[in-house]
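Data from entry-v2.cif: mmCIF, C-alpha atoms
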```
data_start
loop_
_atom_site.group_PDB
_atom_site.id
_atom_site.type_symbol
_atom_site.label_atom_id
_atom_site.label_comp_id
_atom_site.auth_asym_id
_atom_site.auth_seq_id
_atom_site.Cartn_x
_atom_site.Cartn_y
_atom_site.Cartn_z
ATOM 1 C CA MET A 121 107.162 76.013 41.614
ATOM 2 C CA LYS A 122 105.082 75.666 44.760
ATOM 3 C CA PHE A 123 105.386 72.384 46.629
ATOM 4 C CA ASP A 124 102.435 70.092 45.968
ATOM 5 C CA LEU A 125 101.780 67.487 48.652
ATOM 6 C CA LEU A 126 99.683 65.324 46.357
ATOM 7 C CA GLU A 127 102.462 65.261 43.758
ATOM 8 C CA TRP A 128 104.981 64.334 46.447
ATOM 9 C CA ARG A 129 102.780 61.424 47.533
ATOM 10 C CA LYS A 130 102.488 60.260 43.928
ATOM 11 C CA LEU A 131 106.260 60.507 43.535
ATOM 12 C CA LYS A 132 106.840 58.371 46.622
ATOM 13 C CA ASN A 133 104.153 55.877 45.724
ATOM 14 C CA ASN A 134 106.433 54.276 43.208
ATOM 15 C CA GLY A 135 106.204 50.520 43.652
ATOM 16 C CA GLU A 136 103.941 48.298 45.732
ATOM 17 C CA LEU A 137 102.406 50.487 48.402
ATOM 18 C CA ILE A 138 102.134 48.345 51.534
ATOM 19 C CA ILE A 139 100.848 51.007 53.862
ATOM 20 C CA GLU A 140 100.363 54.745 53.886
ATOM 21 C CA HIS A 141 99.207 57.002 56.657
ATOM 22 C CA TYR A 142 98.422 60.608 55.855
ATOM 23 C CA GLY A 143 97.212 62.877 58.637
ATOM 24 C CA GLU A 144 97.587 63.237 62.368
ATOM 25 C CA ILE A 145 100.117 60.973 64.095
ATOM 26 C CA THR A 146 98.630 59.614 67.322
ATOM 27 C CA PRO A 147 99.376 56.547 69.493
ATOM 28 C CA ASP A 148 96.341 54.804 67.930
ATOM 29 C CA VAL A 149 97.566 55.564 64.427
ATOM 30 C CA ILE A 150 100.937 54.076 65.374
ATOM 31 C CA THR A 151 99.325 50.941 66.841
ATOM 32 C CA ASN A 152 97.124 50.410 63.792
ATOM 33 C CA SER A 153 99.917 51.077 61.306
ATOM 34 C CA LEU A 154 102.266 48.649 63.062
ATOM 35 C CA PHE A 155 99.534 46.031 63.092
ATOM 36 C CA ASP A 156 99.134 46.448 59.319
ATOM 37 C CA VAL A 157 102.871 46.227 58.684
ATOM 38 C CA GLU A 158 103.134 43.118 60.828
ATOM 39 C CA ARG A 159 100.171 41.499 59.101
ATOM 40 C CA TYR A 160 101.744 42.194 55.711
ATOM 41 C CA PHE A 161 105.033 40.571 56.701
ATOM 42 C CA LEU A 162 103.269 37.618 58.305
ATOM 43 C CA HIS A 163 102.099 36.583 54.858
ATOM 44 C CA SER A 164 105.262 37.636 53.054
ATOM 45 C CA LYS A 165 107.953 35.180 51.964
ATOM 46 C CA GLU A 166 110.648 37.782 52.555
ATOM 47 C CA ASN A 167 113.572 36.600 54.673
ATOM 48 C CA SER A 168 113.032 37.209 58.348
ATOM 49 C CA SER A 169 116.074 39.446 58.815
ATOM 50 C CA ILE A 170 114.759 41.914 56.202
ATOM 51 C CA LYS A 171 111.259 41.745 57.725
ATOM 52 C CA LYS A 172 112.632 42.594 61.159
ATOM 53 C CA LYS A 173 114.746 45.447 59.829
ATOM 54 C CA ALA A 174 111.820 46.883 57.859
ATOM 55 C CA TYR A 175 109.534 46.644 60.898
ATOM 56 C CA ASN A 176 112.153 48.242 63.148
ATOM 57 C CA VAL A 177 112.746 51.087 60.702
ATOM 58 C CA PHE A 178 109.009 51.670 60.379
ATOM 59 C CA VAL A 179 108.679 51.828 64.200
ATOM 60 C CA GLU A 180 111.481 54.383 64.492
ATOM 61 C CA CYS A 181 110.194 56.479 61.585
ATOM 62 C CA ILE A 182 106.594 56.691 62.750
ATOM 63 C CA GLN A 183 107.621 57.347 66.353
ATOM 64 C CA ASN A 184 110.072 60.002 65.154
ATOM 65 C CA LEU A 185 107.109 61.681 63.481
ATOM 66 C CA PHE A 186 105.027 61.305 66.644
ATOM 67 C CA HIS A 187 107.686 62.873 68.854
ATOM 68 C CA HIS A 188 109.004 65.545 66.524
ATOM 69 C CA VAL A 189 106.375 66.753 64.072
ATOM 70 C CA GLU A 190 105.309 70.323 64.570
ATOM 71 C CA LYS A 191 101.761 71.323 65.284
ATOM 72 C CA ILE A 192 101.006 73.057 62.031
ATOM 73 C CA PRO A 193 98.564 75.945 61.704
ATOM 74 C CA GLU A 194 95.356 75.569 59.695
ATOM 75 C CA GLN A 195 96.478 78.389 57.415
ATOM 76 C CA LEU A 196 98.943 75.984 55.836
ATOM 77 C CA GLY A 197 96.072 75.009 53.574
ATOM 78 C CA ILE A 198 96.498 71.259 53.432
ATOM 79 C CA GLY A 199 93.235 70.388 55.145
ATOM 80 C CA PHE A 200 94.929 69.272 58.363
ATOM 81 C CA SER A 201 96.298 70.938 61.442
ATOM 82 C CA GLY A 202 97.929 69.483 64.522
ATOM 83 C CA ASN A 203 100.566 66.756 64.376
ATOM 84 C CA PHE A 204 100.496 66.201 60.659
ATOM 85 C CA GLY A 205 102.758 63.673 58.985
ATOM 86 C CA VAL A 206 102.886 61.184 56.142
ATOM 87 C CA ILE A 207 104.476 57.745 56.247
ATOM 88 C CA MET A 208 104.629 55.052 53.599
ATOM 89 C CA LEU A 209 106.103 51.608 53.373
ATOM 90 C CA VAL A 210 106.747 50.706 49.765
ATOM 91 C CA LYS A 211 108.206 47.592 48.198
ATOM 92 C CA GLU A 212 110.333 48.199 45.172
ATOM 93 C CA LYS A 213 112.414 45.803 43.119
ATOM 94 C CA GLY A 214 114.967 44.365 45.532
ATOM 95 C CA PHE A 215 114.328 46.627 48.497
ATOM 96 C CA TYR A 216 111.800 48.238 50.797
ATOM 97 C CA ARG A 217 111.512 51.956 51.346
ATOM 98 C CA VAL A 218 110.037 53.869 54.265
ATOM 99 C CA SER A 219 109.266 57.438 53.244
ATOM 100 C CA THR A 220 108.141 60.105 55.656
ATOM 101 C CA GLY A 221 107.092 63.687 55.126
ATOM 102 C CA ASN A 222 106.281 66.484 57.506
ATOM 103 C CA PHE A 223 106.296 70.248 57.701
ATOM 104 C CA ILE A 224 109.013 71.914 59.736
ATOM 105 C CA LYS A 225 109.585 75.504 60.701
ATOM 106 C CA ARG A 226 112.464 77.070 58.846
ATOM 107 C CA ASP A 227 114.464 77.572 62.037
ATOM 108 C CA ARG A 228 114.845 73.797 62.434
ATOM 109 C CA PHE A 229 116.278 73.334 58.957
ATOM 110 C CA ALA A 230 119.973 73.815 59.726
ATOM 111 C CA PHE A 231 119.918 71.567 62.798
ATOM 112 C CA LEU A 232 118.137 68.742 61.033
ATOM 113 C CA LYS A 233 120.217 68.951 57.864
ATOM 114 C CA ASP A 234 123.492 69.055 59.802
ATOM 115 C CA ARG A 235 122.455 66.080 61.928
ATOM 116 C CA ILE A 236 121.566 63.917 58.930
ATOM 117 C CA ASP A 237 124.669 64.990 57.003
ATOM 118 C CA GLN A 238 126.797 64.119 60.018
ATOM 119 C CA ILE A 239 125.269 60.636 60.350
ATOM 120 C CA ASN A 240 125.534 60.064 56.595
ATOM 121 C CA SER A 241 129.228 60.975 56.645
ATOM 122 C CA LEU A 242 130.117 58.198 59.098
ATOM 123 C CA THR A 243 131.434 54.727 58.344
ATOM 124 C CA ASP A 244 129.516 51.695 59.668
ATOM 125 C CA LEU A 245 131.962 51.391 62.564
ATOM 126 C CA GLU A 246 131.663 55.095 63.403
ATOM 127 C CA VAL A 247 127.862 54.809 63.379
ATOM 128 C CA LYS A 248 128.089 51.904 65.822
ATOM 129 C CA MET A 249 130.467 53.817 68.119
ATOM 130 C CA LEU A 250 128.295 56.955 68.006
ATOM 131 C CA TYR A 251 125.231 54.864 68.875
ATOM 132 C CA ARG A 252 127.008 53.374 71.884
ATOM 133 C CA ASP A 253 128.308 56.752 72.956
ATOM 134 C CA ILE A 254 124.847 58.349 72.921
ATOM 135 C CA LEU A 255 123.218 55.288 74.491
ATOM 136 C CA GLY A 256 125.695 55.348 77.360
ATOM 137 C CA ASN A 257 125.951 59.061 77.931
ATOM 138 C CA GLU A 258 122.881 61.062 77.017
ATOM 139 C CA GLU A 259 119.596 61.401 78.814
ATOM 140 C CA ILE A 260 116.221 60.769 77.216
ATOM 141 C CA SER A 261 114.782 63.986 75.838
ATOM 142 C CA LYS A 262 111.584 65.485 77.226
ATOM 143 C CA LYS A 263 109.760 64.295 74.114
ATOM 144 C CA GLY A 264 110.689 60.734 74.999
ATOM 145 C CA GLY A 265 113.063 60.304 72.104
ATOM 146 C CA GLY A 266 116.450 58.908 72.896
ATOM 147 C CA GLY A 267 118.275 60.936 70.254
ATOM 148 C CA LEU A 268 119.126 57.601 68.706
ATOM 149 C CA GLY A 269 116.361 57.097 66.151
ATOM 150 C CA MET A 270 118.133 58.165 62.970
ATOM 151 C CA ILE A 271 121.426 56.623 64.021
ATOM 152 C CA ASP A 272 119.666 53.339 64.736
ATOM 153 C CA ILE A 273 118.021 53.427 61.306
ATOM 154 C CA VAL A 274 121.332 53.964 59.521
ATOM 155 C CA ARG A 275 123.021 51.312 61.619
ATOM 156 C CA LYS A 276 120.345 48.686 61.000
ATOM 157 C CA THR A 277 119.968 49.334 57.278
ATOM 158 C CA GLY A 278 123.597 50.091 56.461
ATOM 159 C CA ASN A 279 122.234 52.699 54.034
ATOM 160 C CA LYS A 280 122.477 56.468 53.993
ATOM 161 C CA LEU A 281 119.408 58.577 54.693
ATOM 162 C CA GLU A 282 118.054 60.372 51.632
ATOM 163 C CA TYR A 283 116.270 63.618 52.249
ATOM 164 C CA TYR A 284 114.998 66.776 50.655
ATOM 165 C CA PHE A 285 113.670 70.023 52.035
ATOM 166 C CA TYR A 286 111.002 71.592 49.829
ATOM 167 C CA ASN A 287 110.132 75.257 50.145
ATOM 168 C CA TYR A 288 106.508 75.607 51.221
ATOM 169 C CA ASN A 289 106.014 79.163 52.383
ATOM 170 C CA GLU A 290 107.952 81.849 54.200
ATOM 171 C CA ASN A 291 107.678 80.019 57.527
ATOM 172 C CA TYR A 292 107.582 76.330 56.629
ATOM 173 C CA LEU A 293 109.537 73.728 54.700
ATOM 174 C CA PHE A 294 108.421 70.223 53.863
ATOM 175 C CA PHE A 295 110.929 67.624 55.048
ATOM 176 C CA SER A 296 110.988 64.456 52.965
ATOM 177 C CA LEU A 297 112.972 61.450 54.200
ATOM 178 C CA ASP A 298 113.615 58.098 52.495
ATOM 179 C CA VAL A 299 115.061 55.058 54.214
ATOM 180 C CA PHE A 300 116.021 52.034 52.138
ATOM 181 C CA ILE A 301 116.061 48.515 53.520
ATOM 182 C CA SER A 302 117.774 45.887 51.380
ATOM 183 C CA MET B 123 109.163 42.447 98.007
ATOM 184 C CA GLU B 124 106.120 42.407 95.831
ATOM 185 C CA THR B 125 106.605 40.519 92.598
ATOM 186 C CA ILE B 126 105.842 42.521 89.471
ATOM 187 C CA ILE B 127 104.172 40.608 86.672
ATOM 188 C CA ARG B 128 102.939 42.352 83.556
ATOM 189 C CA GLU B 129 101.517 40.549 80.600
ATOM 190 C CA GLY B 130 102.854 41.479 77.188
ATOM 191 C CA THR B 131 100.924 43.780 74.864
ATOM 192 C CA PRO B 132 101.519 44.638 71.181
ATOM 193 C CA LYS B 133 103.795 47.445 72.318
ATOM 194 C CA THR B 134 105.134 46.362 75.711
ATOM 195 C CA PRO B 135 106.925 43.225 76.904
ATOM 196 C CA PHE B 136 106.027 40.534 79.398
ATOM 197 C CA VAL B 137 107.757 41.430 82.645
ATOM 198 C CA ARG B 138 108.420 39.380 85.751
ATOM 199 C CA PHE B 139 110.486 40.870 88.567
ATOM 200 C CA ASP B 140 110.600 38.394 91.452
ATOM 201 C CA GLY B 141 112.633 39.542 94.456
ATOM 202 C CA GLU B 142 112.404 36.276 96.392
ATOM 203 C CA LYS B 143 113.728 34.185 93.527
ATOM 204 C CA GLY B 144 116.119 36.869 92.314
ATOM 205 C CA LEU B 145 114.605 36.723 88.860
ATOM 206 C CA VAL B 146 114.289 39.600 86.395
ATOM 207 C CA GLU B 147 112.639 38.781 83.080
ATOM 208 C CA ILE B 148 111.687 40.944 80.111
ATOM 209 C CA LYS B 149 110.315 39.181 77.059
ATOM 210 C CA GLY B 150 108.589 40.170 73.838
ATOM 211 C CA ARG B 151 108.530 43.583 72.248
ATOM 212 C CA SER B 152 109.201 46.965 73.719
ATOM 213 C CA ILE B 153 108.070 49.715 71.383
ATOM 214 C CA PRO B 154 105.892 52.073 73.452
ATOM 215 C CA GLU B 155 105.815 55.774 72.559
ATOM 216 C CA ASN B 156 106.448 56.619 76.173
ATOM 217 C CA SER B 157 109.057 54.174 77.398
ATOM 218 C CA VAL B 158 109.802 56.118 80.571
ATOM 219 C CA GLU B 159 106.217 55.700 81.766
ATOM 220 C CA PHE B 160 106.475 51.932 81.264
ATOM 221 C CA TYR B 161 109.943 51.396 82.723
ATOM 222 C CA LYS B 162 109.989 53.836 85.634
ATOM 223 C CA PRO B 163 108.122 51.503 88.048
ATOM 224 C CA LEU B 164 110.505 48.692 87.095
ATOM 225 C CA ILE B 165 113.551 50.852 87.704
ATOM 226 C CA ASP B 166 112.068 51.989 91.045
ATOM 227 C CA TRP B 167 111.509 48.317 91.968
ATOM 228 C CA LEU B 168 115.174 47.532 91.255
ATOM 229 C CA GLU B 169 116.204 50.521 93.349
ATOM 230 C CA LYS B 170 114.396 48.988 96.342
ATOM 231 C CA TYR B 171 115.583 45.479 95.508
ATOM 232 C CA SER B 172 119.203 46.631 95.421
ATOM 233 C CA ALA B 173 118.973 47.491 99.145
ATOM 234 C CA GLY B 174 118.578 43.800 100.028
ATOM 235 C CA PRO B 175 118.999 41.522 97.028
ATOM 236 C CA VAL B 176 119.107 37.734 97.252
ATOM 237 C CA LYS B 177 122.492 36.100 96.809
ATOM 238 C CA GLU B 178 122.107 35.435 93.107
ATOM 239 C CA THR B 179 120.087 37.462 90.604
ATOM 240 C CA TYR B 180 119.396 36.062 87.166
ATOM 241 C CA VAL B 181 118.263 38.369 84.391
ATOM 242 C CA ASN B 182 116.613 36.989 81.269
ATOM 243 C CA ILE B 183 116.155 39.411 78.398
ATOM 244 C CA GLN B 184 114.456 37.953 75.356
ATOM 245 C CA LEU B 185 113.308 40.748 73.109
ATOM 246 C CA GLU B 186 111.886 40.490 69.665
ATOM 247 C CA TYR B 187 111.937 44.223 68.950
ATOM 248 C CA PHE B 188 112.725 47.322 70.945
ATOM 249 C CA ASN B 189 112.654 50.972 69.969
ATOM 250 C CA THR B 190 115.417 53.431 70.700
ATOM 251 C CA SER B 191 113.635 55.090 73.615
ATOM 252 C CA SER B 192 113.286 51.661 75.267
ATOM 253 C CA SER B 193 116.993 51.092 74.708
ATOM 254 C CA LYS B 194 117.773 53.912 77.147
ATOM 255 C CA CYS B 195 115.379 52.515 79.750
ATOM 256 C CA ILE B 196 116.828 49.016 79.402
ATOM 257 C CA LEU B 197 120.235 50.557 80.000
ATOM 258 C CA ASP B 198 118.885 52.132 83.197
ATOM 259 C CA ILE B 199 117.769 48.670 84.323
ATOM 260 C CA PHE B 200 121.245 47.310 83.679
ATOM 261 C CA LYS B 201 122.770 50.221 85.608
ATOM 262 C CA LYS B 202 120.685 49.299 88.666
ATOM 263 C CA LEU B 203 121.753 45.671 88.292
ATOM 264 C CA GLU B 204 125.362 46.757 87.928
ATOM 265 C CA LEU B 205 125.159 48.437 91.349
ATOM 266 C CA ILE B 206 124.004 45.142 92.878
ATOM 267 C CA HIS B 207 126.883 43.361 91.147
ATOM 268 C CA LYS B 208 129.348 45.963 92.433
ATOM 269 C CA LYS B 209 128.218 45.299 95.991
ATOM 270 C CA GLY B 210 129.478 41.747 95.591
ATOM 271 C CA HIS B 211 126.276 39.916 94.725
ATOM 272 C CA LEU B 212 126.101 37.595 91.768
ATOM 273 C CA VAL B 213 124.174 39.072 88.843
ATOM 274 C CA GLU B 214 124.061 37.236 85.552
ATOM 275 C CA VAL B 215 122.389 38.418 82.361
ATOM 276 C CA ASN B 216 121.121 35.958 79.795
ATOM 277 C CA TRP B 217 120.623 37.870 76.553
ATOM 278 C CA TYR B 218 118.568 35.808 74.116
ATOM 279 C CA TYR B 219 118.498 36.420 70.364
ATOM 280 C CA GLU B 220 117.182 34.487 67.389
ATOM 281 C CA GLU B 221 119.823 32.865 65.240
ATOM 282 C CA ASP B 222 119.384 35.173 62.250
ATOM 283 C CA ASP B 223 118.853 38.328 64.311
ATOM 284 C CA GLU B 224 122.187 40.047 63.984
ATOM 285 C CA ASP B 225 120.723 43.353 65.218
ATOM 286 C CA MET B 226 119.536 41.844 68.503
ATOM 287 C CA PHE B 227 122.918 40.147 68.966
ATOM 288 C CA GLU B 228 124.656 43.488 68.435
ATOM 289 C CA ALA B 229 122.270 45.175 70.864
ATOM 290 C CA GLY B 230 123.437 42.696 73.513
ATOM 291 C CA GLU B 231 127.019 43.553 72.642
ATOM 292 C CA ASP B 232 126.231 47.258 73.005
ATOM 293 C CA TYR B 233 125.066 46.758 76.589
ATOM 294 C CA GLN B 234 128.002 44.499 77.358
ATOM 295 C CA SER B 235 130.336 47.273 76.229
ATOM 296 C CA ILE B 236 128.724 49.795 78.589
ATOM 297 C CA ILE B 237 127.787 47.706 81.626
ATOM 298 C CA ASN B 238 130.084 45.652 83.795
ATOM 299 C CA ILE B 239 127.977 42.558 84.531
ATOM 300 C CA PRO B 240 128.559 38.997 83.269
ATOM 301 C CA PHE B 241 126.564 38.525 80.051
ATOM 302 C CA LYS B 242 125.696 35.251 78.396
ATOM 303 C CA MET B 243 124.655 35.566 74.775
ATOM 304 C CA ILE B 244 122.200 32.785 74.039
ATOM 305 C CA GLU B 245 121.232 31.997 70.459
ATOM 306 C CA MET B 246 117.765 30.555 69.933
ATOM 307 C CA GLU B 247 116.656 28.558 66.956
ATOM 308 C CA GLU B 248 113.639 30.029 65.187
#
```
I need this file expressed as structure tokens, please.
Amino acid sequence: MKFDLLEWRKLKNNGELIIEHYGEITPDVITNSLFDVERYFLHSKENSSIKKKAYNVFVECIQNLFHHVEKIPEQLGIGFSGNFGVIMLVKEKGFYRVSTGNFIKRDRFAFLKDRIDQINSLTDLEVKMLYRDILGNEEISKKGGGGLGMIDIVRKTGNKLEYYFYNYNENYLFFSLDVFIS
Amino acid sequence: METIIREGTPKTPFVRFDGEKGLVEIKGRSIPENSVEFYKPLIDWLEKYSAGPVKETYVNIQLEYFNTSSSKCILDIFKKLELIHKKGHLVEVNWYYEEDDEDMFEAGEDYQSIINIPFKMIEMEE
């Protein structure tokens, strides 16, 4: 069955939707989204440690999209081109979830999957040591990312990354990522 | 040396680099998309400062949030300060964190594990 973006959004919108952005990811979109997340937590009775973690995860996720989403061609037929991505912050019973979705070219699949699987296979202590190792030894990439985003997310949440690659067409996959904060 | 003062914004921290007083302060949040653009002038300032620092340099870092690309730039700041320390000048880092902010405490520990400068971890009440 062909991947349906609307159905995916419905699937992820399972709980209290705090914020969703669907479209191009720009610095202004990031600023506005962060403002909305902050405003939500300002009025929330959630404990401050969870609020900070959720905010931090949201920052890393939306900036990951900004730095790494592919410029997609119009022929993809979703009504958008350029740096297209989706991000949601959802509150479910007992936890928050940040879900992101973006199209990737098939040639990035193996790299991305291996990287997430590697991070997911590590213990908390190994995640911490890997973070320190990369922080101390690797240069910032040309895209401005430190190569630390996903590791930081796993370290702060203590939860594994959940992901799925949906077939879209012969050139593109849709990469769906869920981060749980509890 | 010219003192650098930058007011905080929703994405960038308050910064005060004062060469005469030997004071380096970064406070607030550091979550810009392009951290290098923000931090490069600060790192360049420290490069010049390291040629003739005052006897004692005090560094106050009090961050609420920082993104992972800022974490690399903050490390670069510490590396410049480490060079000053290695030359025999006193450099002391005060790393502030809120009492329930385990992640910010651990971030201070991360830098301590990489950089050889005296660190004071200072817990703040909310």
I'd like a table as a tab-separated table: residues in chain A with an atom no more than 10 Å from chain B, each row giving the shortest atom pair and its distance in Å to one decimal, only C-alpha atoms counted, sorted by chain and rising residue number.
```
residue	atom	partner	partner_atom	distance
A:Thr146	CA	B:Glu155	CA	9.7
A:Pro147	CA	B:Glu155	CA	7.2
A:Ile150	CA	B:Glu155	CA	8.8
A:Thr151	CA	B:Lys133	CA	7.9
A:Leu154	CA	B:Pro132	CA	9.1
A:Phe155	CA	B:Pro132	CA	8.4
A:Asn167	CA	B:Asp222	CA	9.7
A:Ser168	CA	B:Asp222	CA	7.7
A:Ser169	CA	B:Asp223	CA	6.3
A:Ile170	CA	B:Asp223	CA	9.8
A:Lys172	CA	B:Tyr187	CA	8.0
A:Lys173	CA	B:Asp225	CA	8.3
A:Tyr175	CA	B:Tyr187	CA	8.7
A:Asn176	CA	B:Tyr187	CA	7.1
A:Val177	CA	B:Asn189	CA	9.3
A:Val179	CA	B:Asn189	CA	7.1
A:Glu180	CA	B:Asn189	CA	6.6
A:Ile182	CA	B:Glu155	CA	9.9
A:Gln183	CA	B:Glu155	CA	6.7
A:Asn184	CA	B:Glu155	CA	9.5
A:Phe186	CA	B:Glu155	CA	8.1
A:His187	CA	B:Glu155	CA	8.2
A:Lys248	CA	B:Asp232	CA	8.8
A:Met249	CA	B:Asp232	CA	9.2
A:Tyr251	CA	B:Asp232	CA	8.7
A:Arg252	CA	B:Asp232	CA	6.3
A:Asp253	CA	B:Ile236	CA	9.0
A:Ile254	CA	B:Lys194	CA	9.4
A:Leu255	CA	B:Lys194	CA	6.2
A:Gly256	CA	B:Ile236	CA	6.4
A:Asn257	CA	B:Ile236	CA	9.7
A:Glu258	CA	B:Lys194	CA	8.8
A:Glu259	CA	B:Lys194	CA	7.9
A:Ile260	CA	B:Lys194	CA	7.0
A:Ser261	CA	B:Ser191	CA	9.2
A:Lys263	CA	B:Asn156	CA	8.6
A:Gly264	CA	B:Asn156	CA	6.0
A:Gly265	CA	B:Ser191	CA	5.5
A:Gly266	CA	B:Ser191	CA	4.8
A:Gly267	CA	B:Thr190	CA	8.0
A:Leu268	CA	B:Thr190	CA	5.9
A:Gly269	CA	B:Thr190	CA	5.9
A:Met270	CA	B:Thr190	CA	9.5
A:Ile271	CA	B:Thr190	CA	9.5
A:Asp272	CA	B:Thr190	CA	7.3
A:Ile273	CA	B:Thr190	CA	9.7
A:Arg275	CA	B:Asp225	CA	9.0
A:Lys276	CA	B:Asp225	CA	6.8
A:Thr277	CA	B:Asp225	CA	10.0
```
- request: Run the PyMOL selection byres ((chain B and resi 123) around 12) against the file shown and list the residues it catches, as a list in words.
  value: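 For this structure, the PyMOL selection byres ((chain B and resi 123) around 12) resolves to Glu124, Thr125, Ile126, Phe139, Asp140, Gly141, Glu142, Lys143, Gly144, Trp167, Leu168, Glu169, Lys170, Tyr171, Ser172, Ala173, Gly174, Pro175 and Val176 of chain B.
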message: Assuming the chain letters and numbering stay as they are in my file, what does the PyMOL selection byres ((chain A and resi 288-290) around 12) actually select? List them as a list in words.
response: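 Answer for the PyMOL selection byres ((chain A and resi 288-290) around 12): Met121, Lys122, Phe123, Asp124, Leu125, Gln195, Leu196, Gly197, Ile198, Asn222, Phe223, Ile224, Lys225, Arg226, Asp227, Phe285, Tyr286, Asn287, Asn291, Tyr292, Leu293, Phe294 and Phe295 of chain A.
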Run through the PyMOL selection byres ((chain A and resi 189) around 7) on the given coordinates and return the selected residues as a short mmCIF file (atom, residue, chain, number, x, y, z; two decimals) with C-alpha atoms, keeping the file's coordinate frame.
```
data_model
loop_
_atom_site.label_atom_id
_atom_site.label_comp_id
_atom_site.auth_asym_id
_atom_site.auth_seq_id
_atom_site.Cartn_x
_atom_site.Cartn_y
_atom_site.Cartn_z
CA LEU A 185 107.11 61.68 63.48
CA PHE A 186 105.03 61.30 66.64
CA HIS A 187 107.69 62.87 68.85
CA HIS A 188 109.00 65.54 66.52
CA GLU A 190 105.31 70.32 64.57
CA LYS A 191 101.76 71.32 65.28
CA ASN A 203 100.57 66.76 64.38
CA PHE A 204 100.50 66.20 60.66
CA GLY A 205 102.76 63.67 58.98
CA ASN A 222 106.28 66.48 57.51
#
```
task: Could you check how far CA of Leu185 (chain B) sits from CA of Arg151 (chain B), in Å to one decimal?
output: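 According to the coordinates, CA of Leu185 (chain B) and CA of Arg151 (chain B) are separated by 5.6 Å.
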message: List as number ranges by chain the protein and nucleic acid residues near region 129-132 of chain A, meaning an atom at most 9 Å away when only C-alpha atoms are counted, but skip any in the same chain fewer than 3 places from it.
response: A: 124-126, 135, 206, 208, 210, 219, 298
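Computed from the coordinates, the CA of Glu136 (chain A) to CA of Val274 (chain A) distance equals 22.9 Å.
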query: Of the candidates B:Val137, B:Ile165, B:Ile199, B:Ile127, which one gets nearest to Val215 (chain B) if we count all atoms listed in the file?
result: B:Ile199
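Across the structure, CA of Glu147 (chain B) and CA of Asn216 (chain B) are spaced 9.5 Å apart.
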query: Which one is closest to Ala174 (chain A): A:Val218, A:Leu137, A:Ile192, A:Ile145? Count only C-alpha atoms.
result: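 Looking only at the distances to Ala174 (chain A), the closest residue turns out to be A:Val218.
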Can you report as JSON the centre and edge lengths in Å, to one decimal, of an axis-aligned box around the listed atoms of region 138-144 of chain B padded with 4 Å on each side?
```
{"center_x": 112.3, "center_y": 37.5, "center_z": 91.1, "size_x": 15.7, "size_y": 14.7, "size_z": 18.6}
```
List the spatial neighbours of Ile244 (chain B) as a tab-separated table (two decimals) with C-alpha atoms, in the frame of the given file - criterion: any atom at most 7 Å away, all atoms listed in the file, same-chain residues fewer than 3 positions off excluded.
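Saved the output as selection20.tsv:
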```
chain	number	residue	atom	x	y	z
B	216	ASN	CA	121.12	35.96	79.80
B	217	TRP	CA	120.62	37.87	76.55
B	218	TYR	CA	118.57	35.81	74.12
B	219	TYR	CA	118.50	36.42	70.36
```
Can you put N, CA and C atoms back into region 173-183 of chain B and show it as a short mmCIF file (atom, residue, chain, number, x, y, z; two decimals), keeping the file's coordinate frame?
```cif
data_model
loop_
_atom_site.label_atom_id
_atom_site.label_comp_id
_atom_site.auth_asym_id
_atom_site.auth_seq_id
_atom_site.Cartn_x
_atom_site.Cartn_y
_atom_site.Cartn_z
N ALA B 173 118.66 47.28 97.72
CA ALA B 173 118.97 47.49 99.14
C ALA B 173 119.11 46.15 99.87
N GLY B 174 118.48 45.11 99.37
CA GLY B 174 118.58 43.80 100.03
C GLY B 174 118.35 42.67 99.06
N PRO B 175 119.23 42.55 98.06
CA PRO B 175 119.00 41.52 97.03
C PRO B 175 119.29 40.12 97.55
N VAL B 176 118.72 39.10 96.91
CA VAL B 176 119.11 37.73 97.25
C VAL B 176 120.52 37.49 96.72
N LYS B 177 121.07 36.36 97.11
CA LYS B 177 122.49 36.10 96.81
C LYS B 177 122.79 36.11 95.30
N GLU B 178 121.88 35.53 94.56
CA GLU B 178 122.11 35.44 93.11
C GLU B 178 120.90 35.99 92.35
N THR B 179 121.17 36.89 91.41
CA THR B 179 120.09 37.46 90.60
C THR B 179 120.30 37.07 89.15
N TYR B 180 119.30 36.46 88.57
CA TYR B 180 119.40 36.06 87.17
C TYR B 180 118.46 36.93 86.33
N VAL B 181 118.98 37.42 85.23
CA VAL B 181 118.26 38.37 84.39
C VAL B 181 118.09 37.76 83.00
N ASN B 182 116.87 37.56 82.60
CA ASN B 182 116.61 36.99 81.27
C ASN B 182 115.97 38.04 80.37
N ILE B 183 116.69 38.43 79.35
CA ILE B 183 116.16 39.41 78.40
C ILE B 183 115.98 38.71 77.05
#
```
